[in-house]
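Participant: Can you keep this structure in mind? I'll have questions shortly.
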Amino acid sequence: MLYCHAHGGDYTLGKRELTEGARWTSGAPGPAFLAAGFAVYCIDMPGFGARQAEGSEQALALTEGWHGRSLFARMLADQRGAFEHLAAHPRVDPARIFTWGASMGAALGTWLAALEPRVAGAVSLIMLADIAPMIETGAHERHGPWFTAPGLLREADQGDVAACIAPRPFFVAHGGADHLTPQKARDAALAKLPRAGLTTFLQPEAGHGETPEMRAAALAFLARHAHKTDRERHS
């Protein structure tokens with residue numbers, strides 16, 4: 001499992017979200033993954049955790065912009081490197097690496113899975129929504145400067161990117177009361193996803209946070225798609 005940590009405005013936390021949990025997770029994710037039989041790996045994103053010395057989110061986003069790049073692209077490149085490191089580990093099956101993330105982590109994991117065909121599948125919690133409808137309502141202002149893909153809306157939107165994951169397994173969970181993924185925006189993205197490999201989960205009363213029900217459903221999804229079958233174990 002490549003675990004992509006969230007933002008949450010907590011720049012000190014970073015990858016420790018995996019082992020300590022956060023206010024937006026349903027307890028610490030790491031022990032739950034280990035109990036379910038998964039190896040798991042997480043790295044700090046630029047400006048988070050042990051990488052705070054690289055600069056603030058604002059400074060990093062401005063620097064990348066002045067060079068014609070984006071902070072989001074830099075984060076994706078780092079996640080790609082983490083995937084390569086994990087895939088090279090002798091105790092890891094490189095054909096069974098899934099991404100998992102909530103909020104910012106889900107954006108990173110989803111885009112990585114869409115762009116890297118070797119990723120086996122993805123779990124996206126409380127994130128997937130089209131940007132154009134969010135701009136119409138002003139909801140995009142609630143997201144940080146890390147979350148820009150310059151020029152994307154000339155060609156596509158987040159749902160189109162996520163659709164590239166199909167037919168690999170893809171789990172998408174939303175909270176119905178999540179102000180960061182308003183219904184119009186999330187419905188627009190979900191409508192673009194092929195049904196092949198897709199599992200969706202909506203918890204109407206939930207806000208912008210992973211719930212115990214979301215985690216249980218996502219772990220059940222992984223049990224179906226990520227573990228070897230009895231036939232594969234004995235082949």
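Convention: chains lettered A, B, ... in structure tokens order; per-chain residue numbering from 1; ligands numbered from 1 as shown.
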Please report, as CSV, each residue of range 41-60 of chain A lying at most 9 Å from range 133-147 of chain A, together with the nearest pair of atoms and the separation in Å rounded to one decimal; use only C-alpha atoms, and order rows by chain and ascending residue number.

Facilitator:
```
residue,atom,partner,partner_atom,distance
A:Glu57,CA,A:Trp146,CA,6.9
A:Gln58,CA,A:Pro145,CA,6.7
A:Leu60,CA,A:Trp146,CA,8.4
```

Participant: Go ahead and write the selection's residues with C-alpha atoms as a PDB file, in the first residue's frame.

Facilitator:
```
ATOM      1  CA  GLU A  57       3.159  25.713   1.099  1.00  0.00           C
ATOM      2  CA  GLN A  58       2.712  29.294  -0.113  1.00  0.00           C
ATOM      3  CA  LEU A  60       6.690  26.380  -2.592  1.00  0.00           C
TER       4      LEU A  60
END
```

Participant: Determine, counting only C-alpha atoms, which protein, DNA and RNA residues have an atom within 10 Å of an atom of range 175-177 of chain A; residues of the same chain fewer than 6 positions away are not included. Present the result as a list in words.

Facilitator: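 Here the answer would be Leu125, Ile126, Met127, Gln183, Arg186, Phe201, Leu202, Gln203, Pro204, Glu205, Ala206, Gly207, His208, Gly209, Glu210, Thr211 and Met214 of chain A.
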
Participant: Find the distance between CA of Leu86 in chain A and CA of Ala220 in chain A and write it in Å to one decimal.

Facilitator: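 Answer for the CA of Leu86 in chain A to CA of Ala220 in chain A separation: 22.7 Å.
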
Participant: Please extract the residues of range 57-205 of chain A with a backbone DSSP assignment of alpha helix (DSSP H) and present them as a tab-separated table (two decimals) with all heavy atoms, in the first residue's frame.

Facilitator:
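Final output, saved to out_32.tsv:
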```
chain	number	residue	atom	x	y	z
A	57	GLU	N	3.97	26.06	2.27
A	57	GLU	CA	3.16	25.71	1.10
A	57	GLU	C	3.07	26.91	0.15
A	57	GLU	O	3.19	26.75	-1.07
A	57	GLU	CB	1.77	25.27	1.54
A	57	GLU	CG	0.84	24.95	0.39
A	57	GLU	CD	-0.58	24.64	0.85
A	57	GLU	OE1	-0.86	24.76	2.07
A	57	GLU	OE2	-1.40	24.28	0.00
A	58	GLN	N	2.82	28.09	0.71
A	58	GLN	CA	2.71	29.29	-0.11
A	58	GLN	C	4.00	29.55	-0.89
A	58	GLN	O	3.97	29.81	-2.10
A	58	GLN	CB	2.37	30.49	0.77
A	58	GLN	CG	2.26	31.82	0.03
A	58	GLN	CD	0.94	32.00	-0.69
A	58	GLN	OE1	0.11	31.10	-0.70
A	58	GLN	NE2	0.76	33.15	-1.31
A	59	ALA	N	5.13	29.48	-0.21
A	59	ALA	CA	6.41	29.75	-0.87
A	59	ALA	C	6.71	28.71	-1.94
A	59	ALA	O	7.17	29.03	-3.04
A	59	ALA	CB	7.54	29.77	0.17
A	60	LEU	N	6.43	27.44	-1.63
A	60	LEU	CA	6.69	26.38	-2.59
A	60	LEU	C	5.80	26.51	-3.82
A	60	LEU	O	6.26	26.34	-4.96
A	60	LEU	CB	6.46	25.02	-1.93
A	60	LEU	CG	7.49	24.62	-0.87
A	60	LEU	CD1	7.00	23.41	-0.07
A	60	LEU	CD2	8.84	24.30	-1.52
A	61	ALA	N	4.52	26.84	-3.61
A	61	ALA	CA	3.60	26.99	-4.73
A	61	ALA	C	4.02	28.17	-5.62
A	61	ALA	O	3.99	28.08	-6.85
A	61	ALA	CB	2.18	27.18	-4.23
A	62	LEU	N	4.43	29.28	-4.98
A	62	LEU	CA	4.87	30.44	-5.75
A	62	LEU	C	6.13	30.14	-6.55
A	62	LEU	O	6.25	30.52	-7.73
A	62	LEU	CB	5.11	31.62	-4.81
A	62	LEU	CG	3.86	32.29	-4.23
A	62	LEU	CD1	4.24	33.26	-3.12
A	62	LEU	CD2	3.07	33.01	-5.32
A	63	THR	N	7.07	29.47	-5.93
A	63	THR	CA	8.32	29.13	-6.61
A	63	THR	C	8.06	28.26	-7.83
A	63	THR	O	8.59	28.52	-8.93
A	63	THR	CB	9.27	28.39	-5.65
A	63	THR	OG1	9.60	29.25	-4.56
A	63	THR	CG2	10.56	27.98	-6.36
A	64	GLU	N	7.23	27.23	-7.65
A	64	GLU	CA	6.93	26.35	-8.79
A	64	GLU	C	6.21	27.13	-9.89
A	64	GLU	O	6.50	26.95	-11.08
A	64	GLU	CB	6.07	25.17	-8.33
A	64	GLU	CG	6.77	24.21	-7.37
A	64	GLU	CD	7.99	23.54	-8.00
A	64	GLU	OE1	7.96	23.21	-9.20
A	64	GLU	OE2	8.99	23.36	-7.27
A	65	GLY	N	5.29	28.00	-9.51
A	65	GLY	CA	4.57	28.78	-10.50
A	65	GLY	C	5.46	29.69	-11.32
A	65	GLY	O	5.30	29.80	-12.54
A	66	TRP	N	6.43	30.33	-10.66
A	66	TRP	CA	7.34	31.21	-11.38
A	66	TRP	C	8.21	30.45	-12.37
A	66	TRP	O	8.69	31.01	-13.36
A	66	TRP	CB	8.22	31.97	-10.40
A	66	TRP	CG	7.55	33.18	-9.81
A	66	TRP	CD1	7.13	33.37	-8.53
A	66	TRP	CD2	7.20	34.38	-10.51
A	66	TRP	NE1	6.55	34.59	-8.37
A	66	TRP	CE2	6.57	35.25	-9.59
A	66	TRP	CE3	7.35	34.81	-11.83
A	66	TRP	CZ2	6.10	36.50	-9.94
A	66	TRP	CZ3	6.88	36.07	-12.18
A	66	TRP	CH2	6.27	36.89	-11.24
A	71	LEU	N	3.10	22.98	-7.72
A	71	LEU	CA	3.45	22.21	-6.52
A	71	LEU	C	2.80	20.84	-6.57
A	71	LEU	O	3.40	19.85	-6.12
A	71	LEU	CB	3.02	22.98	-5.27
A	71	LEU	CG	3.30	22.32	-3.91
A	71	LEU	CD1	4.77	21.95	-3.75
A	71	LEU	CD2	2.83	23.22	-2.77
A	72	PHE	N	1.60	20.76	-7.10
A	72	PHE	CA	0.92	19.47	-7.22
A	72	PHE	C	1.74	18.50	-8.08
A	72	PHE	O	1.88	17.33	-7.74
A	72	PHE	CB	-0.47	19.69	-7.83
A	72	PHE	CG	-1.33	18.47	-7.88
A	72	PHE	CD1	-1.49	17.66	-6.77
A	72	PHE	CD2	-2.02	18.14	-9.04
A	72	PHE	CE1	-2.31	16.53	-6.81
A	72	PHE	CE2	-2.84	17.02	-9.09
A	72	PHE	CZ	-2.98	16.21	-7.98
A	73	ALA	N	2.30	19.00	-9.18
A	73	ALA	CA	3.13	18.15	-10.03
A	73	ALA	C	4.38	17.69	-9.29
A	73	ALA	O	4.82	16.53	-9.45
A	73	ALA	CB	3.52	18.90	-11.30
A	74	ARG	N	4.96	18.58	-8.48
A	74	ARG	CA	6.14	18.18	-7.70
A	74	ARG	C	5.78	17.09	-6.71
A	74	ARG	O	6.53	16.12	-6.53
A	74	ARG	CB	6.70	19.40	-6.97
A	74	ARG	CG	7.90	19.09	-6.11
A	74	ARG	CD	8.48	20.36	-5.48
A	74	ARG	NE	9.48	20.05	-4.47
A	74	ARG	CZ	10.11	20.97	-3.75
A	74	ARG	NH1	9.85	22.24	-3.94
A	74	ARG	NH2	10.99	20.61	-2.84
A	75	MET	N	4.62	17.23	-6.06
A	75	MET	CA	4.17	16.20	-5.13
A	75	MET	C	3.94	14.87	-5.85
A	75	MET	O	4.32	13.80	-5.34
A	75	MET	CB	2.87	16.65	-4.45
A	75	MET	CG	3.03	17.79	-3.46
A	75	MET	SD	1.42	18.29	-2.79
A	75	MET	CE	1.93	19.30	-1.40
A	76	LEU	N	3.33	14.93	-7.03
A	76	LEU	CA	3.10	13.69	-7.79
A	76	LEU	C	4.42	13.02	-8.17
A	76	LEU	O	4.51	11.79	-8.14
A	76	LEU	CB	2.29	14.01	-9.04
A	76	LEU	CG	0.78	14.08	-8.88
A	76	LEU	CD1	0.14	14.57	-10.17
A	76	LEU	CD2	0.21	12.71	-8.51
A	77	ALA	N	5.41	13.82	-8.54
A	77	ALA	CA	6.71	13.25	-8.88
A	77	ALA	C	7.31	12.54	-7.67
A	77	ALA	O	7.91	11.45	-7.80
A	77	ALA	CB	7.65	14.34	-9.37
A	78	ASP	N	7.15	13.11	-6.48
A	78	ASP	CA	7.66	12.48	-5.28
A	78	ASP	C	6.90	11.18	-4.98
A	78	ASP	O	7.51	10.17	-4.56
A	78	ASP	CB	7.55	13.42	-4.09
A	78	ASP	CG	8.58	14.54	-4.13
A	78	ASP	OD1	9.46	14.51	-5.03
A	78	ASP	OD2	8.51	15.45	-3.29
A	79	GLN	N	5.59	11.19	-5.19
A	79	GLN	CA	4.81	9.96	-4.98
A	79	GLN	C	5.21	8.90	-6.00
A	79	GLN	O	5.23	7.70	-5.68
A	79	GLN	CB	3.32	10.25	-5.07
A	79	GLN	CG	2.77	11.15	-3.97
A	79	GLN	CD	2.74	10.49	-2.60
A	79	GLN	OE1	3.11	9.33	-2.43
A	79	GLN	NE2	2.26	11.21	-1.61
A	80	ARG	N	5.53	9.30	-7.20
A	80	ARG	CA	6.01	8.35	-8.21
A	80	ARG	C	7.32	7.71	-7.74
A	80	ARG	O	7.52	6.50	-7.89
A	80	ARG	CB	6.20	9.06	-9.54
A	80	ARG	CG	6.89	8.23	-10.63
A	80	ARG	CD	6.07	7.11	-11.17
A	80	ARG	NE	6.78	6.36	-12.20
A	80	ARG	CZ	6.81	6.70	-13.48
A	80	ARG	NH1	6.18	7.78	-13.91
A	80	ARG	NH2	7.48	5.97	-14.34
A	81	GLY	N	8.19	8.52	-7.16
A	81	GLY	CA	9.43	7.97	-6.62
A	81	GLY	C	9.18	7.01	-5.48
A	81	GLY	O	9.85	5.98	-5.36
A	82	ALA	N	8.20	7.32	-4.64
A	82	ALA	CA	7.84	6.41	-3.54
A	82	ALA	C	7.31	5.09	-4.09
A	82	ALA	O	7.62	4.02	-3.56
A	82	ALA	CB	6.80	7.07	-2.64
A	83	PHE	N	6.51	5.17	-5.15
A	83	PHE	CA	6.02	3.95	-5.77
A	83	PHE	C	7.17	3.10	-6.30
A	83	PHE	O	7.20	1.88	-6.11
A	83	PHE	CB	5.06	4.31	-6.92
A	83	PHE	CG	4.64	3.13	-7.75
A	83	PHE	CD1	3.61	2.29	-7.32
A	83	PHE	CD2	5.30	2.82	-8.93
A	83	PHE	CE1	3.24	1.17	-8.08
A	83	PHE	CE2	4.94	1.72	-9.69
A	83	PHE	CZ	3.91	0.89	-9.26
A	84	GLU	N	8.13	3.74	-6.95
A	84	GLU	CA	9.28	3.00	-7.48
A	84	GLU	C	10.05	2.32	-6.35
A	84	GLU	O	10.48	1.16	-6.48
A	84	GLU	CB	10.21	3.94	-8.26
A	84	GLU	CG	9.59	4.57	-9.49
A	84	GLU	CD	9.47	3.60	-10.65
A	84	GLU	OE1	9.86	2.43	-10.51
A	84	GLU	OE2	8.97	4.03	-11.71
A	85	HIS	N	10.24	3.04	-5.26
A	85	HIS	CA	10.95	2.47	-4.11
A	85	HIS	C	10.20	1.27	-3.54
A	85	HIS	O	10.80	0.23	-3.25
A	85	HIS	CB	11.11	3.55	-3.03
A	85	HIS	CG	11.85	3.10	-1.82
A	85	HIS	ND1	13.22	2.95	-1.79
A	85	HIS	CD2	11.42	2.76	-0.58
A	85	HIS	CE1	13.60	2.52	-0.59
A	85	HIS	NE2	12.52	2.41	0.16
A	86	LEU	N	8.90	1.40	-3.41
A	86	LEU	CA	8.09	0.31	-2.88
A	86	LEU	C	8.09	-0.87	-3.83
A	86	LEU	O	8.21	-2.03	-3.40
A	86	LEU	CB	6.66	0.81	-2.65
A	86	LEU	CG	5.70	-0.10	-1.88
A	86	LEU	CD1	6.25	-0.45	-0.51
A	86	LEU	CD2	4.34	0.58	-1.75
A	87	ALA	N	7.98	-0.61	-5.12
A	87	ALA	CA	7.94	-1.69	-6.11
A	87	ALA	C	9.25	-2.48	-6.15
A	87	ALA	O	9.25	-3.66	-6.52
A	87	ALA	CB	7.62	-1.12	-7.49
A	104	MET	N	-6.26	15.58	0.34
A	104	MET	CA	-5.08	15.78	-0.51
A	104	MET	C	-4.44	14.45	-0.88
A	104	MET	O	-3.98	14.25	-2.01
A	104	MET	CB	-4.06	16.69	0.19
A	104	MET	CG	-2.81	16.96	-0.64
A	104	MET	SD	-1.59	18.02	0.19
A	104	MET	CE	-0.74	16.79	1.22
A	105	GLY	N	-4.37	13.53	0.08
A	105	GLY	CA	-3.78	12.23	-0.20
A	105	GLY	C	-4.54	11.47	-1.27
A	105	GLY	O	-3.95	10.75	-2.09
A	106	ALA	N	-5.87	11.63	-1.29
A	106	ALA	CA	-6.67	10.97	-2.31
A	106	ALA	C	-6.42	11.58	-3.68
A	106	ALA	O	-6.39	10.87	-4.70
A	106	ALA	CB	-8.15	11.04	-1.96
A	107	ALA	N	-6.26	12.91	-3.73
A	107	ALA	CA	-5.94	13.55	-5.00
A	107	ALA	C	-4.63	13.01	-5.56
A	107	ALA	O	-4.52	12.63	-6.73
A	107	ALA	CB	-5.86	15.06	-4.83
A	108	LEU	N	-3.63	12.91	-4.70
A	108	LEU	CA	-2.32	12.42	-5.13
A	108	LEU	C	-2.39	10.95	-5.55
A	108	LEU	O	-1.86	10.56	-6.59
A	108	LEU	CB	-1.30	12.61	-4.01
A	108	LEU	CG	-0.94	14.07	-3.72
A	108	LEU	CD1	-0.22	14.19	-2.38
A	108	LEU	CD2	-0.07	14.64	-4.84
A	109	GLY	N	-3.04	10.12	-4.73
A	109	GLY	CA	-3.13	8.70	-5.05
A	109	GLY	C	-3.94	8.43	-6.30
A	109	GLY	O	-3.60	7.55	-7.09
A	110	THR	N	-5.01	9.19	-6.49
A	110	THR	CA	-5.85	9.01	-7.68
A	110	THR	C	-5.11	9.41	-8.95
A	110	THR	O	-5.12	8.69	-9.95
A	110	THR	CB	-7.15	9.83	-7.54
A	110	THR	OG1	-7.89	9.33	-6.42
A	110	THR	CG2	-8.01	9.73	-8.78
A	111	TRP	N	-4.48	10.57	-8.91
A	111	TRP	CA	-3.74	11.01	-10.09
A	111	TRP	C	-2.56	10.08	-10.39
A	111	TRP	O	-2.28	9.79	-11.55
A	111	TRP	CB	-3.24	12.44	-9.89
A	111	TRP	CG	-4.26	13.49	-10.21
A	111	TRP	CD1	-5.44	13.72	-9.57
A	111	TRP	CD2	-4.19	14.45	-11.25
A	111	TRP	NE1	-6.10	14.77	-10.13
A	111	TRP	CE2	-5.36	15.25	-11.17
A	111	TRP	CE3	-3.25	14.74	-12.24
A	111	TRP	CZ2	-5.61	16.30	-12.06
A	111	TRP	CZ3	-3.49	15.80	-13.12
A	111	TRP	CH2	-4.66	16.56	-13.02
A	112	LEU	N	-1.87	9.62	-9.35
A	112	LEU	CA	-0.76	8.70	-9.59
A	112	LEU	C	-1.25	7.43	-10.25
A	112	LEU	O	-0.65	6.94	-11.22
A	112	LEU	CB	-0.05	8.37	-8.27
A	112	LEU	CG	1.15	7.41	-8.41
A	112	LEU	CD1	2.26	8.05	-9.22
A	112	LEU	CD2	1.66	6.99	-7.03
A	113	ALA	N	-2.36	6.88	-9.76
A	113	ALA	CA	-2.92	5.67	-10.36
A	113	ALA	C	-3.35	5.91	-11.80
A	113	ALA	O	-3.20	5.03	-12.66
A	113	ALA	CB	-4.09	5.16	-9.53
A	114	ALA	N	-3.88	7.09	-12.08
A	114	ALA	CA	-4.31	7.40	-13.44
A	114	ALA	C	-3.13	7.52	-14.39
A	114	ALA	O	-3.22	7.11	-15.56
A	114	ALA	CB	-5.12	8.70	-13.44
A	115	LEU	N	-2.02	8.07	-13.91
A	115	LEU	CA	-0.86	8.33	-14.77
A	115	LEU	C	0.13	7.18	-14.81
A	115	LEU	O	0.93	7.10	-15.75
A	115	LEU	CB	-0.14	9.60	-14.28
A	115	LEU	CG	-0.96	10.89	-14.36
A	115	LEU	CD1	-0.22	12.02	-13.64
A	115	LEU	CD2	-1.23	11.27	-15.80
A	131	ILE	N	-13.44	20.21	-10.93
A	131	ILE	CA	-13.02	21.55	-10.52
A	131	ILE	C	-13.92	22.64	-11.11
A	131	ILE	O	-14.25	23.62	-10.42
A	131	ILE	CB	-11.55	21.80	-10.93
A	131	ILE	CG1	-10.63	20.72	-10.31
A	131	ILE	CG2	-11.11	23.19	-10.51
A	131	ILE	CD1	-10.66	20.67	-8.81
A	132	ALA	N	-14.34	22.49	-12.37
A	132	ALA	CA	-15.15	23.54	-13.00
A	132	ALA	C	-16.42	23.84	-12.20
A	132	ALA	O	-16.72	25.03	-11.95
A	132	ALA	CB	-15.47	23.15	-14.44
A	133	PRO	N	-17.18	22.84	-11.75
A	133	PRO	CA	-18.35	23.15	-10.93
A	133	PRO	C	-17.99	23.78	-9.58
A	133	PRO	O	-18.77	24.58	-9.05
A	133	PRO	CB	-19.03	21.79	-10.74
A	133	PRO	CG	-18.52	20.93	-11.83
A	133	PRO	CD	-17.13	21.42	-12.09
A	134	MET	N	-16.83	23.41	-9.04
A	134	MET	CA	-16.41	24.03	-7.78
A	134	MET	C	-16.09	25.51	-7.97
A	134	MET	O	-16.39	26.34	-7.12
A	134	MET	CB	-15.21	23.28	-7.19
A	134	MET	CG	-15.58	21.94	-6.58
A	134	MET	SD	-14.42	21.38	-5.32
A	134	MET	CE	-13.02	20.95	-6.31
A	135	ILE	N	-15.49	25.85	-9.11
A	135	ILE	CA	-15.20	27.25	-9.40
A	135	ILE	C	-16.50	28.04	-9.52
A	135	ILE	O	-16.60	29.19	-9.04
A	135	ILE	CB	-14.35	27.38	-10.68
A	135	ILE	CG1	-12.95	26.80	-10.43
A	135	ILE	CG2	-14.26	28.83	-11.13
A	135	ILE	CD1	-12.07	26.75	-11.68
A	136	GLU	N	-17.51	27.44	-10.12
A	136	GLU	CA	-18.80	28.11	-10.29
A	136	GLU	C	-19.43	28.49	-8.95
A	136	GLU	O	-20.07	29.54	-8.82
A	136	GLU	CB	-19.77	27.21	-11.06
A	136	GLU	CG	-19.40	26.98	-12.52
A	136	GLU	CD	-20.30	25.97	-13.18
A	136	GLU	OE1	-21.32	25.58	-12.57
A	136	GLU	OE2	-20.01	25.56	-14.32
A	137	THR	N	-19.22	27.64	-7.96
A	137	THR	CA	-19.84	27.87	-6.64
A	137	THR	C	-18.89	28.55	-5.65
A	137	THR	O	-19.31	28.92	-4.55
A	137	THR	CB	-20.31	26.54	-6.03
A	137	THR	OG1	-19.15	25.70	-5.81
A	137	THR	CG2	-21.27	25.81	-6.95
A	152	LEU	N	-5.46	22.38	-17.04
A	152	LEU	CA	-6.25	21.15	-17.12
A	152	LEU	C	-7.63	21.40	-17.70
A	152	LEU	O	-8.11	20.64	-18.55
A	152	LEU	CB	-6.39	20.51	-15.73
A	152	LEU	CG	-7.33	19.29	-15.66
A	152	LEU	CD1	-6.74	18.12	-16.44
A	152	LEU	CD2	-7.59	18.88	-14.21
A	153	LEU	N	-8.29	22.47	-17.27
A	153	LEU	CA	-9.68	22.68	-17.66
A	153	LEU	C	-9.84	23.03	-19.13
A	153	LEU	O	-10.97	23.01	-19.65
A	153	LEU	CB	-10.31	23.77	-16.79
A	153	LEU	CG	-10.44	23.43	-15.30
A	153	LEU	CD1	-11.19	24.53	-14.57
A	153	LEU	CD2	-11.12	22.09	-15.09
A	154	ARG	N	-8.76	23.29	-19.84
A	154	ARG	CA	-8.86	23.46	-21.29
A	154	ARG	C	-9.14	22.13	-21.98
A	154	ARG	O	-9.66	22.09	-23.09
A	154	ARG	CB	-7.57	24.07	-21.86
A	154	ARG	CG	-7.35	25.52	-21.50
A	154	ARG	CD	-6.30	26.15	-22.41
A	154	ARG	NE	-5.01	25.49	-22.27
A	154	ARG	CZ	-4.05	25.91	-21.45
A	154	ARG	NH1	-4.25	26.98	-20.68
A	154	ARG	NH2	-2.89	25.26	-21.38
A	155	GLU	N	-8.75	21.04	-21.32
A	155	GLU	CA	-8.84	19.72	-21.94
A	155	GLU	C	-9.78	18.77	-21.21
A	155	GLU	O	-10.41	17.91	-21.84
A	155	GLU	CB	-7.44	19.08	-21.99
A	155	GLU	CG	-6.36	19.93	-22.64
A	155	GLU	CD	-6.58	20.13	-24.12
A	155	GLU	OE1	-7.29	19.31	-24.73
A	155	GLU	OE2	-6.04	21.11	-24.67
A	158	GLN	N	-11.17	16.63	-13.27
A	158	GLN	CA	-10.69	15.56	-12.40
A	158	GLN	C	-11.35	14.21	-12.71
A	158	GLN	O	-10.69	13.17	-12.64
A	158	GLN	CB	-10.94	15.93	-10.94
A	158	GLN	CG	-9.92	16.86	-10.35
A	158	GLN	CD	-9.54	16.46	-8.95
A	158	GLN	OE1	-8.47	15.90	-8.71
A	158	GLN	NE2	-10.42	16.72	-8.03
A	159	GLY	N	-12.64	14.23	-13.02
A	159	GLY	CA	-13.31	12.98	-13.34
A	159	GLY	C	-12.71	12.30	-14.56
A	159	GLY	O	-12.61	11.07	-14.61
A	160	ASP	N	-12.29	13.09	-15.56
A	160	ASP	CA	-11.66	12.53	-16.75
A	160	ASP	C	-10.32	11.89	-16.40
A	160	ASP	O	-9.95	10.84	-16.95
A	160	ASP	CB	-11.45	13.62	-17.80
A	160	ASP	CG	-12.75	14.30	-18.19
A	160	ASP	OD1	-13.56	13.66	-18.87
A	160	ASP	OD2	-12.94	15.46	-17.78
A	161	VAL	N	-9.57	12.52	-15.50
A	161	VAL	CA	-8.29	11.96	-15.06
A	161	VAL	C	-8.54	10.64	-14.33
A	161	VAL	O	-7.92	9.61	-14.64
A	161	VAL	CB	-7.53	12.94	-14.16
A	161	VAL	CG1	-6.27	12.29	-13.58
A	161	VAL	CG2	-7.18	14.20	-14.93
A	162	ALA	N	-9.46	10.64	-13.37
A	162	ALA	CA	-9.74	9.44	-12.60
A	162	ALA	C	-10.25	8.30	-13.47
A	162	ALA	O	-10.02	7.12	-13.18
A	162	ALA	CB	-10.74	9.75	-11.49
A	163	ALA	N	-10.94	8.65	-14.56
A	163	ALA	CA	-11.47	7.62	-15.46
A	163	ALA	C	-10.36	6.78	-16.09
A	163	ALA	O	-10.61	5.65	-16.53
A	163	ALA	CB	-12.32	8.27	-16.54
A	183	GLN	N	-22.08	18.53	-3.95
A	183	GLN	CA	-22.74	17.47	-4.71
A	183	GLN	C	-22.62	17.65	-6.22
A	183	GLN	O	-22.33	16.69	-6.95
A	183	GLN	CB	-24.21	17.38	-4.33
A	183	GLN	CG	-24.95	16.27	-5.06
A	183	GLN	CD	-26.38	16.10	-4.61
A	183	GLN	OE1	-26.82	16.71	-3.64
A	183	GLN	NE2	-27.13	15.27	-5.31
A	184	LYS	N	-22.83	18.85	-6.72
A	184	LYS	CA	-22.75	19.07	-8.17
A	184	LYS	C	-21.38	18.69	-8.71
A	184	LYS	O	-21.27	18.07	-9.78
A	184	LYS	CB	-23.05	20.53	-8.49
A	184	LYS	CG	-23.05	20.85	-9.98
A	184	LYS	CD	-23.38	22.31	-10.23
A	184	LYS	CE	-23.36	22.63	-11.72
A	184	LYS	NZ	-23.67	24.08	-11.97
A	185	ALA	N	-20.33	19.01	-7.96
A	185	ALA	CA	-18.97	18.74	-8.41
A	185	ALA	C	-18.63	17.26	-8.33
A	185	ALA	O	-18.01	16.69	-9.23
A	185	ALA	CB	-17.98	19.56	-7.59
A	186	ARG	N	-19.03	16.61	-7.24
A	186	ARG	CA	-18.72	15.18	-7.13
A	186	ARG	C	-19.56	14.36	-8.10
A	186	ARG	O	-19.07	13.37	-8.68
A	186	ARG	CB	-18.86	14.69	-5.70
A	186	ARG	CG	-20.23	14.70	-5.10
A	186	ARG	CD	-20.22	14.04	-3.71
A	186	ARG	NE	-21.54	14.02	-3.12
A	186	ARG	CZ	-21.99	14.88	-2.21
A	186	ARG	NH1	-21.19	15.86	-1.79
A	186	ARG	NH2	-23.21	14.78	-1.73
A	187	ASP	N	-20.82	14.74	-8.31
A	187	ASP	CA	-21.65	14.01	-9.26
A	187	ASP	C	-21.10	14.12	-10.68
A	187	ASP	O	-21.14	13.16	-11.45
A	187	ASP	CB	-23.09	14.53	-9.22
A	187	ASP	CG	-23.86	14.09	-7.98
A	187	ASP	OD1	-23.33	13.26	-7.22
A	187	ASP	OD2	-24.97	14.59	-7.77
A	188	ALA	N	-20.58	15.30	-11.02
A	188	ALA	CA	-20.01	15.49	-12.35
A	188	ALA	C	-18.80	14.58	-12.56
A	188	ALA	O	-18.62	13.99	-13.64
A	188	ALA	CB	-19.60	16.96	-12.54
A	189	ALA	N	-17.96	14.45	-11.53
A	189	ALA	CA	-16.79	13.59	-11.64
A	189	ALA	C	-17.19	12.12	-11.69
A	189	ALA	O	-16.68	11.35	-12.53
A	189	ALA	CB	-15.84	13.84	-10.46
A	190	LEU	N	-18.10	11.72	-10.82
A	190	LEU	CA	-18.52	10.31	-10.79
A	190	LEU	C	-19.16	9.88	-12.10
A	190	LEU	O	-19.01	8.73	-12.52
A	190	LEU	CB	-19.48	10.08	-9.63
A	190	LEU	CG	-18.87	10.14	-8.23
A	190	LEU	CD1	-19.96	10.12	-7.17
A	190	LEU	CD2	-17.91	8.96	-8.01
```

Participant: So which one's closest to Ala223 in chain A, A:Pro169, A:His7, A:Pro31, A:Arg91? Using only C-alpha atoms, please.

Facilitator: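 Closest to Ala223 in chain A, using only C-alpha atoms: A:Pro169.
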